[in-house]
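S.K.: Dumping the structure here so I can ask a few things about it.
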Protein chains: 2
Amino acid sequence: MATIGDVAKLAGVSRSTVSYVMSGKRPVSSEVRQRVQEVIKELDFSPSAAGRALATATTDTIALLAPMVDNAAPEVALQFVNGVVQAARRQGQDVLLATGDEAFHSVERLVKANQVDGFVVLDVEERDPRIQALRKANFPAVLVGMPEGVNDFDRVDLDWREVGLMLIGKLAQAGHQHICLVGTPAAGQDMDMTYVNRFNDGVQRGAQLHGSTLVAADASNDFLATTRKIEELLRNHPEVTAFVVRHEVAAAPLFNALNAAGLSVPTDVSVLGVSLDTMSLHSRPISGVLNPFREITGAAVDLLAQRLEDPSLRPRTVLLQPEYDDRGTLSSPKH
Amino acid sequence: MATIGDVAKLAGVSRSTVSYVMSGKRPVSSEVRQRVQEVIKELDFSPSAAGRALATATTDTIALLAPMVDNAAPEVALQFVNGVVQAARRQGQDVLLATGDEAFHSVERLVKANQVDGFVVLDVEERDPRIQALRKANFPAVLVGMPEGVNDFDRVDLDWREVGLMLIGKLAQAGHQHICLVGTPAAGQDMDMTYVNRFNDGVQRGAQLHGSTLVAADASNDFLATTRKIEELLRNHPEVTAFVVRHEVAAAPLFNALNAAGLSVPTDVSVLGVSLDTMSLHSRPISGVLNPFREITGAAVDLLAQRLEDPSLRPRTVLLQPEYDDRGTLSSPKH
DNA sequence: ATGAAAGCGCTAACAC
DNA sequence: GTGTTAGCGCTTTCAT
């Protein structure tokens with residue numbers, strides 16, 4: 001590979017001039033610029049990342065910490081990962097991916113080796129150990145999620161509380177009194193995800209506001225087990241006329257159980273929830289809100305990029321508001 | 001951050017000695033080694049990735065090219081990405097992730113900037129442009145997939161032809177004559193994925209061997225559309241007694257259609273396919289083969305690591321053999 | 001067994 | 001507007 005020295009020699013200028021032509025950080029006469037650019041093309045030169053990193057103490061790479069806990073919906077996780085990568089490239093950044101345990105343990109390592117300029121933290125939990133590590137390292141980072149009382153980091157998320165309120169509100173408005181929430185905090189390891197609490201908060205508050213009665217059905221990533229849970233609930237709570245799912249994963253077993261019980265949607269019962277896309281892979285589409293993963297990841301990367309530009313920025317929180325999306329799974333209950 | 005110079009000074013040795021203590025590339029007296037290691041601990045020193053990269057022309061980072069085409073099953077894609085990352089860490093490598101268009105266009109960029117040591121290529125297609133780019137760059141790479149006639153790269157994949165043969169064989173053995181293949185090559189953009197052709201090959205060959213009659217039903221990532229396709233097929237081909245799905249994504253709409261038609265599995269019809277895990281998220285588990293994503297990604301990263309050690313290695317192909325997994329969705333057809 | 005010094009490729013402060 | 005040069009942090013050859 002050609003180096004900046006090769007370019008300089010062939011163009012008959014100094015290496016710094018080549019550097020300045022590329023960065024534009026100081027004026028270069030147009031003839032020289034022209035000539036240098038030609039040589040760069042000719043030699044197919046592109047600066048070595050390592051050389052640049054060493055000189056600037058900057059890598060143009062961000063780390064993406066994505067635990068991808070088993071319990072979370074894999075299709076959702078993938079969209080977030082993909083969204084971050086796409087957004088990062090738009091900012092001229094590459095993405096170093098850490099998953100599983102590494103997502104939790106690599107902060108120190110990456111910081112100490114100066115391998116990345118900043119972090120995007122996915123699946124943030126309350127009292128997340130990564131927050132401590134990041135704080136200690138005093139390194140640019142943005143959290144996707146809203147751990148309580150953490151106001152020294154940039155945070156981005158969907159306003160899950162508002163989602164809960166909205167969904168219950170819609171159901172109450174349609175006349176539903178007895179609502180089943182599929183996927184309770186007790187359901188799995190994702191109970192510590194910040195969004196779960198906020199969503200449940202919104203749901204509780206909505207029920208309080210509208211005088212709805214709530215019952216819960218556990219959901220897991222086991223189709224059959226979840227189906228059984230819901231069938232059990234249908235037996236024990238025949239008064240339930242509506243279901244709310246926190247995400248699409250629970251939709252397939254829910255429809256499966258409803259089907260088996262001979263209940264049709266929305267004639268007999270209504271189903272609302274958060275889905276990933278307008279098109280559904282694993283069940284019929286449900287009314288409710290679309291997860292704005294593109295907006296979330298875009299905002300996260302933008303916040304991080306701004307912070308890299310100006311580290312003194314004070315922390316900001318972006319709370320995206322949900323929009324209701326009608327897919328025909330909501331109607332008024334029969335009497 | 002401390003540098004190697006700080007360590008050297010504090011330990012009263014030269015920088016090279018510190019370097020050699022870390023690398024073990026030349027003997028160091030145990031007293032000196034001891035002392036140096038203490039200081040390293042004390043200063044919490046860890047070598048700068050950039051400095052090391054510049055000196056060694058090595059980054060300890062591999063690029064993961066994961067197009068994540070819309071059509072592919074996202075949960076499958078995620079497992080592959082995760083698998084590669086985990087395996088890479090075991091080899092002491094970090095992973096730079098490129099998705100979408102970037103997965104196709106970043107090869108030159110990453111190679112020229114010397115940002116990575118090698119590539120893992122996911123979702124390989126026949127006549128994949130990345131193969132050309134990689135060949136031109138003459139850079140270490142391993143393909144997950146088996147493009148025909150490409151024998152100058154390491155390749156790893158499940159033996160999809162054998163999968164097709166096995167599934168049809170199982171069905172034929174149970175007495176099924178009329179089999180529906182859900183998700184044909186015509187179904188989507190994934191028609192160029194190398195595994196699709198090989199799977200279909202195996203299925204065709206199996207049908208030929210056992211004298212089975214095949215019909216095809218298109219599957220897409222639209223639940224409702226796929227459901228309709230299958231319902232249509234059930235009407236037009238009442239003789240069909242068994243279904244084969246290429247992956248779980250098609251299972252949910254298939255069961256949905258079967259349900260609606262009042263057909264139960266395996267009493268009325270049998271269902272076989274490739275699933276991701278023993279536990280199913282979106283439908284009841286199906287008999288067939290489990291996608292050995294962990295073995296595939298592990299082998300891919302191992303091959304790459306070996307090639308990084310010794311670039312002169314001649315290209316190898318690893319074809320993992322499928323194992324049959326019984327989940328109770330296969331039985332003999334009624335007469 | 002250890003040290004001195006060159007060099008990896010780049011940027012930027014300092015000349016002019 | 002351009003060139004010279006020091007230096008980023010590390011590895012490794014050459015001396016001793």
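All residue names refer to the structure tokens as shown: chains lettered A, B, ... in order, residues numbered from 1 in each chain, ligands numbered from 1 in order.
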Write down, as number ranges by chain, each residue of chain A that has any atom within 12 Å of an atom of chain C, counting only C-alpha atoms (C1' of nucleotides).
M.R.: A: 1-6, 15-20, 22-23, 25-26, 46-58
S.K.: List the neighbours of range 220-235 of chain B out to 9 Å using only C-alpha atoms (C1' of nucleotides); skip same-chain residues closer than 2 positions along the sequence, and give me the result as an MDAnalysis selection string.
M.R.: (chainID A and resid 279:285) or (chainID B and resid 70:73 180 182:183 187:188 215:218 237:240 249:250 252:258 260:261)
S.K.: Determine which residues of chain D sit within 12 Å of chain A, taking into account only C-alpha atoms (C1' of nucleotides), and present them as a PyMOL selection string.
M.R.: chain D and resi 1-10
S.K.: Would you give me, as a PyMOL selection string, the residues in range 44-272 of chain A that DSSP reads as strand (DSSP E)?
M.R.: chain A and resi 61-66+94-99+118-121+141-144+154-158+178-182+213-217+242-245+270-272
S.K.: Could you check how far CA of Pro129 in chain A sits from CA of Arg294 in chain A, in Å to one decimal?
M.R.: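 According to the coordinates, CA of Pro129 in chain A and CA of Arg294 in chain A are separated by 26.0 Å.
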S.K.: Name the closest residue to chain A among the candidates B:Val121, B:Leu304, B:Met146, B:Leu276; distances are taken between atoms, counting only C-alpha atoms.
M.R.: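 Once distances to chain A are computed over only C-alpha atoms, the minimum belongs to B:Leu276.
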